[in-house]
Amino acid sequence: MKDLVTVIAKALVDHPEDVRVNEVEDKYGVVYELTVHPSDIGKVIGKQGRIAKALRTVVTSAAVKENKRVTVEIVS
């Protein structure tokens with residue numbers, strides 16, 4: 001999952017070398033904290049959050065196959 005988030009995020013941004021994904025486990029499942037270059041935050045979120053929502057949908061769909069609960073957070 002971490003690789004999936006990383007690959008998608010790197011394809012969206014202008015500074016792929018600054019993409020970082022931190023995996024944190026909590027009582028509800030796994031949280032992937034996505035950090036990007038400050039100028040790329042808008043590209044990852046998209047207009048009205050559409051890109052962020054699509055990213056979360058893809059990751060959640062992939063997690064269903066592994067019976068995991070996954071959340072993606074975009075951290076500035």
# chains A, B, ... in the order shown; residues from 1 in each chain; ligands from 1
>>> select_by_dssp(residues="chain A", states="strand (DSSP E or B)", output="ChimeraX atom specification")
/A:20-26,29-35,70-75
>>> residues_around(residues="Val19 in chain A", least_positions_apart="5", cutoff="8 Å", atoms="only C-alpha atoms", output="mmCIF file with all heavy atoms, in the first residue's frame")
data_model
loop_
_atom_site.group_PDB
_atom_site.id
_atom_site.type_symbol
_atom_site.label_atom_id
_atom_site.label_comp_id
_atom_site.auth_asym_id
_atom_site.auth_seq_id
_atom_site.Cartn_x
_atom_site.Cartn_y
_atom_site.Cartn_z
ATOM 1 N N THR A 6 2.920 6.097 -2.844
ATOM 2 C CA THR A 6 4.122 6.791 -3.303
ATOM 3 C C THR A 6 4.136 6.946 -4.819
ATOM 4 O O THR A 6 4.409 8.039 -5.338
ATOM 5 C CB THR A 6 5.380 6.030 -2.851
ATOM 6 O OG1 THR A 6 5.336 5.878 -1.431
ATOM 7 C CG2 THR A 6 6.646 6.766 -3.234
ATOM 8 N N ALA A 9 1.450 9.508 -5.945
ATOM 9 C CA ALA A 9 1.809 10.877 -5.556
ATOM 10 C C ALA A 9 2.963 11.409 -6.412
ATOM 11 O O ALA A 9 2.934 12.566 -6.835
ATOM 12 C CB ALA A 9 2.180 10.925 -4.084
ATOM 13 N N LYS A 10 3.958 10.570 -6.677
ATOM 14 C CA LYS A 10 5.096 11.024 -7.489
ATOM 15 C C LYS A 10 4.676 11.362 -8.908
ATOM 16 O O LYS A 10 5.262 12.239 -9.543
ATOM 17 C CB LYS A 10 6.198 9.964 -7.500
ATOM 18 C CG LYS A 10 6.991 9.931 -6.216
ATOM 19 C CD LYS A 10 8.151 8.968 -6.306
ATOM 20 C CE LYS A 10 8.964 9.013 -5.009
ATOM 21 N NZ LYS A 10 10.160 8.183 -5.090
ATOM 22 N N LEU A 34 0.930 11.347 3.861
ATOM 23 C CA LEU A 34 1.600 11.771 2.637
ATOM 24 C C LEU A 34 2.109 13.192 2.803
ATOM 25 O O LEU A 34 1.341 14.110 3.105
ATOM 26 C CB LEU A 34 0.626 11.692 1.456
ATOM 27 C CG LEU A 34 1.105 12.215 0.114
ATOM 28 C CD1 LEU A 34 2.314 11.424 -0.375
ATOM 29 C CD2 LEU A 34 -0.015 12.161 -0.900
ATOM 30 N N THR A 35 3.416 13.375 2.625
ATOM 31 C CA THR A 35 4.040 14.683 2.704
ATOM 32 C C THR A 35 4.669 14.998 1.356
ATOM 33 O O THR A 35 5.389 14.167 0.800
ATOM 34 C CB THR A 35 5.134 14.697 3.792
ATOM 35 O OG1 THR A 35 4.570 14.241 5.015
ATOM 36 C CG2 THR A 35 5.679 16.089 3.995
ATOM 37 N N VAL A 36 4.381 16.180 0.828
ATOM 38 C CA VAL A 36 4.933 16.611 -0.453
ATOM 39 C C VAL A 36 5.547 17.998 -0.305
ATOM 40 O O VAL A 36 5.388 18.657 0.716
ATOM 41 C CB VAL A 36 3.859 16.621 -1.570
ATOM 42 C CG1 VAL A 36 3.340 15.226 -1.835
ATOM 43 C CG2 VAL A 36 2.727 17.557 -1.245
ATOM 44 N N HIS A 37 6.234 18.443 -1.342
ATOM 45 C CA HIS A 37 6.799 19.790 -1.388
ATOM 46 C C HIS A 37 5.660 20.798 -1.223
ATOM 47 O O HIS A 37 4.561 20.588 -1.762
ATOM 48 C CB HIS A 37 7.509 19.985 -2.733
ATOM 49 C CG HIS A 37 8.350 21.210 -2.800
ATOM 50 N ND1 HIS A 37 7.819 22.425 -3.159
ATOM 51 C CD2 HIS A 37 9.664 21.416 -2.550
ATOM 52 C CE1 HIS A 37 8.781 23.328 -3.138
ATOM 53 N NE2 HIS A 37 9.915 22.742 -2.761
#
>>> select_by_dssp(residues="chain A", states="helix (DSSP H, G or I)", output="PyMOL selection string")
chain A and resi 2-12+16-18+38-45+47-65
>>> residues_around(residues="Gly29 in chain A", least_positions_apart="6", cutoff="12 Å", atoms="only C-alpha atoms", output="ChimeraX atom specification")
/A:23,60,63,67-72
>>> atom_distance(atom1="CA of Leu55 in chain A", atom2="CA of Asp40 in chain A")
15.0 Å
>>> residues_around(residues="Pro38 in chain A", least_positions_apart="5", cutoff="10 Å", atoms="only C-alpha atoms", output="PyMOL selection string")
chain A and resi 15+18+75-76
>>> write_last_selection(atoms="C-alpha atoms", output="mmCIF file, in the first residue's frame")
data_model
loop_
_atom_site.group_PDB
_atom_site.id
_atom_site.type_symbol
_atom_site.label_atom_id
_atom_site.label_comp_id
_atom_site.auth_asym_id
_atom_site.auth_seq_id
_atom_site.Cartn_x
_atom_site.Cartn_y
_atom_site.Cartn_z
ATOM 1 C CA HIS A 15 9.060 17.574 -7.081
ATOM 2 C CA ASP A 18 10.177 15.385 -1.895
ATOM 3 C CA VAL A 75 0.236 16.402 5.782
ATOM 4 C CA SER A 76 1.726 19.816 5.090
#
>>> residues_around(residues="range 52-54 of chain A", least_positions_apart="3", cutoff="12 Å", atoms="only C-alpha atoms", output="list in words")
Val5, Ile8, Ala9, Leu12, Leu34, Ile41, Gly42, Lys43, Val44, Ile45, Gly46, Lys47, Gln48, Gly49, Thr57, Val58, Val59, Thr60, Ser61, Thr71, Val72, Glu73, Ile74 and Val75 of chain A
>>> write_last_selection(atoms="C-alpha atoms", output="mmCIF file, in the first residue's frame")
data_model
loop_
_atom_site.group_PDB
_atom_site.id
_atom_site.type_symbol
_atom_site.label_atom_id
_atom_site.label_comp_id
_atom_site.auth_asym_id
_atom_site.auth_seq_id
_atom_site.Cartn_x
_atom_site.Cartn_y
_atom_site.Cartn_z
ATOM 1 C CA VAL A 5 0.531 5.833 -2.477
ATOM 2 C CA ILE A 8 0.573 7.806 -7.464
ATOM 3 C CA ALA A 9 1.809 10.877 -5.556
ATOM 4 C CA LEU A 12 1.134 14.017 -9.690
ATOM 5 C CA LEU A 34 1.600 11.771 2.637
ATOM 6 C CA ILE A 41 0.081 20.363 -2.086
ATOM 7 C CA GLY A 42 -2.542 21.841 -4.410
ATOM 8 C CA LYS A 43 -1.735 19.282 -7.084
ATOM 9 C CA VAL A 44 -2.210 16.396 -4.681
ATOM 10 C CA ILE A 45 -5.451 17.792 -3.263
ATOM 11 C CA GLY A 46 -6.907 18.983 -6.576
ATOM 12 C CA LYS A 47 -9.900 21.217 -7.208
ATOM 13 C CA GLN A 48 -12.436 20.735 -4.423
ATOM 14 C CA GLY A 49 -10.388 17.768 -3.178
ATOM 15 C CA THR A 57 -10.623 5.605 -3.189
ATOM 16 C CA VAL A 58 -7.895 3.721 -5.049
ATOM 17 C CA VAL A 59 -5.981 2.923 -1.858
ATOM 18 C CA THR A 60 -9.134 1.883 -0.009
ATOM 19 C CA SER A 61 -10.156 -0.383 -2.887
ATOM 20 C CA THR A 71 -6.681 5.972 5.578
ATOM 21 C CA VAL A 72 -4.609 8.478 3.575
ATOM 22 C CA GLU A 73 -3.852 11.862 5.144
ATOM 23 C CA ILE A 74 -2.122 14.704 3.337
ATOM 24 C CA VAL A 75 0.236 16.402 5.782
#
>>> residues_around(residues="Lys2 in chain A", least_positions_apart="5", cutoff="9 Å", atoms="only C-alpha atoms", output="PDB file with all heavy atoms, in the first residue's frame")
ATOM      1  N   VAL A   7       3.822   5.891  -5.542  1.00  0.00           N
ATOM      2  CA  VAL A   7       3.845   5.934  -7.012  1.00  0.00           C
ATOM      3  C   VAL A   7       2.816   6.923  -7.544  1.00  0.00           C
ATOM      4  O   VAL A   7       3.111   7.727  -8.434  1.00  0.00           O
ATOM      5  CB  VAL A   7       3.603   4.521  -7.592  1.00  0.00           C
ATOM      6  CG1 VAL A   7       3.320   4.568  -9.070  1.00  0.00           C
ATOM      7  CG2 VAL A   7       4.797   3.628  -7.310  1.00  0.00           C
ATOM      8  N   VAL A  21       6.042   9.101   2.384  1.00  0.00           N
ATOM      9  CA  VAL A  21       4.865   8.422   2.904  1.00  0.00           C
ATOM     10  C   VAL A  21       5.259   7.736   4.200  1.00  0.00           C
ATOM     11  O   VAL A  21       6.164   6.909   4.221  1.00  0.00           O
ATOM     12  CB  VAL A  21       4.304   7.395   1.898  1.00  0.00           C
ATOM     13  CG1 VAL A  21       3.091   6.696   2.485  1.00  0.00           C
ATOM     14  CG2 VAL A  21       3.956   8.067   0.580  1.00  0.00           C
ATOM     15  N   ASN A  22       4.584   8.111   5.268  1.00  0.00           N
ATOM     16  CA  ASN A  22       4.842   7.540   6.583  1.00  0.00           C
ATOM     17  C   ASN A  22       3.669   6.640   6.951  1.00  0.00           C
ATOM     18  O   ASN A  22       2.517   7.046   6.877  1.00  0.00           O
ATOM     19  CB  ASN A  22       5.010   8.663   7.614  1.00  0.00           C
ATOM     20  CG  ASN A  22       5.453   8.144   8.951  1.00  0.00           C
ATOM     21  OD1 ASN A  22       6.042   7.078   9.048  1.00  0.00           O
ATOM     22  ND2 ASN A  22       5.171   8.897   9.994  1.00  0.00           N
ATOM     23  N   GLU A  23       3.966   5.416   7.350  1.00  0.00           N
ATOM     24  CA  GLU A  23       2.929   4.449   7.711  1.00  0.00           C
ATOM     25  C   GLU A  23       2.786   4.400   9.232  1.00  0.00           C
ATOM     26  O   GLU A  23       3.751   4.137   9.933  1.00  0.00           O
ATOM     27  CB  GLU A  23       3.335   3.074   7.169  1.00  0.00           C
ATOM     28  CG  GLU A  23       2.330   2.000   7.386  1.00  0.00           C
ATOM     29  CD  GLU A  23       2.748   0.692   6.744  1.00  0.00           C
ATOM     30  OE1 GLU A  23       3.716   0.683   5.961  1.00  0.00           O
ATOM     31  OE2 GLU A  23       2.109  -0.319   7.041  1.00  0.00           O
ATOM     32  N   TYR A  32      -1.719   6.289   6.275  1.00  0.00           N
ATOM     33  CA  TYR A  32      -0.578   6.689   5.453  1.00  0.00           C
ATOM     34  C   TYR A  32      -0.555   8.210   5.410  1.00  0.00           C
ATOM     35  O   TYR A  32      -1.488   8.835   4.911  1.00  0.00           O
ATOM     36  CB  TYR A  32      -0.688   6.105   4.048  1.00  0.00           C
ATOM     37  CG  TYR A  32      -0.548   4.609   4.039  1.00  0.00           C
ATOM     38  CD1 TYR A  32      -1.659   3.787   3.944  1.00  0.00           C
ATOM     39  CD2 TYR A  32       0.703   4.027   4.155  1.00  0.00           C
ATOM     40  CE1 TYR A  32      -1.526   2.421   3.969  1.00  0.00           C
ATOM     41  CE2 TYR A  32       0.848   2.653   4.181  1.00  0.00           C
ATOM     42  CZ  TYR A  32      -0.271   1.852   4.081  1.00  0.00           C
ATOM     43  OH  TYR A  32      -0.136   0.489   4.117  1.00  0.00           O
TER      44      TYR A  32
END
>>> closest_residue(among="A:Ala11, A:Val64, A:Ile51, A:Met1", to="Glu33 in chain A", atoms="only C-alpha atoms")
A:Met1
>>> decode(residues="range 45-63 of chain A", atoms="N, CA and C atoms", output="compact mmCIF listing (two decimals), in the first residue's frame")
# COMPACT_ATOMS: atom_id res chain seq x y z
N ILE A 45 -4.07 17.64 -3.75
CA ILE A 45 -5.45 17.79 -3.26
C ILE A 45 -6.42 17.96 -4.44
N GLY A 46 -6.05 18.78 -5.41
CA GLY A 46 -6.91 18.98 -6.58
C GLY A 46 -8.04 19.96 -6.30
N LYS A 47 -8.77 20.30 -7.35
CA LYS A 47 -9.90 21.22 -7.21
C LYS A 47 -10.99 20.54 -6.39
N GLN A 48 -11.40 21.21 -5.34
CA GLN A 48 -12.44 20.73 -4.42
C GLN A 48 -12.11 19.36 -3.85
N GLY A 49 -10.81 19.02 -3.79
CA GLY A 49 -10.39 17.77 -3.18
C GLY A 49 -10.61 16.54 -4.02
N ARG A 50 -10.82 16.72 -5.31
CA ARG A 50 -11.14 15.56 -6.18
C ARG A 50 -9.98 14.59 -6.31
N ILE A 51 -8.76 15.09 -6.46
CA ILE A 51 -7.60 14.20 -6.61
C ILE A 51 -7.36 13.44 -5.31
N ALA A 52 -7.45 14.14 -4.18
CA ALA A 52 -7.26 13.49 -2.88
C ALA A 52 -8.32 12.41 -2.67
N LYS A 53 -9.54 12.70 -3.03
CA LYS A 53 -10.62 11.72 -2.88
C LYS A 53 -10.37 10.51 -3.78
N ALA A 54 -9.92 10.74 -5.00
CA ALA A 54 -9.63 9.64 -5.91
C ALA A 54 -8.47 8.79 -5.39
N LEU A 55 -7.45 9.44 -4.85
CA LEU A 55 -6.31 8.72 -4.27
C LEU A 55 -6.78 7.84 -3.12
N ARG A 56 -7.61 8.40 -2.26
CA ARG A 56 -8.13 7.62 -1.12
C ARG A 56 -9.00 6.45 -1.60
N THR A 57 -9.77 6.67 -2.66
CA THR A 57 -10.62 5.61 -3.19
C THR A 57 -9.80 4.45 -3.74
N VAL A 58 -8.75 4.76 -4.48
CA VAL A 58 -7.90 3.72 -5.05
C VAL A 58 -7.21 2.92 -3.94
N VAL A 59 -6.68 3.61 -2.95
CA VAL A 59 -5.98 2.92 -1.86
C VAL A 59 -6.96 2.09 -1.03
N THR A 60 -8.13 2.63 -0.77
CA THR A 60 -9.13 1.88 -0.01
C THR A 60 -9.59 0.64 -0.77
N SER A 61 -9.76 0.76 -2.08
CA SER A 61 -10.16 -0.38 -2.89
C SER A 61 -9.09 -1.47 -2.88
N ALA A 62 -7.84 -1.07 -2.95
CA ALA A 62 -6.75 -2.05 -2.89
C ALA A 62 -6.67 -2.69 -1.51
N ALA A 63 -6.99 -1.95 -0.48
CA ALA A 63 -6.93 -2.47 0.89
C ALA A 63 -8.03 -3.48 1.16
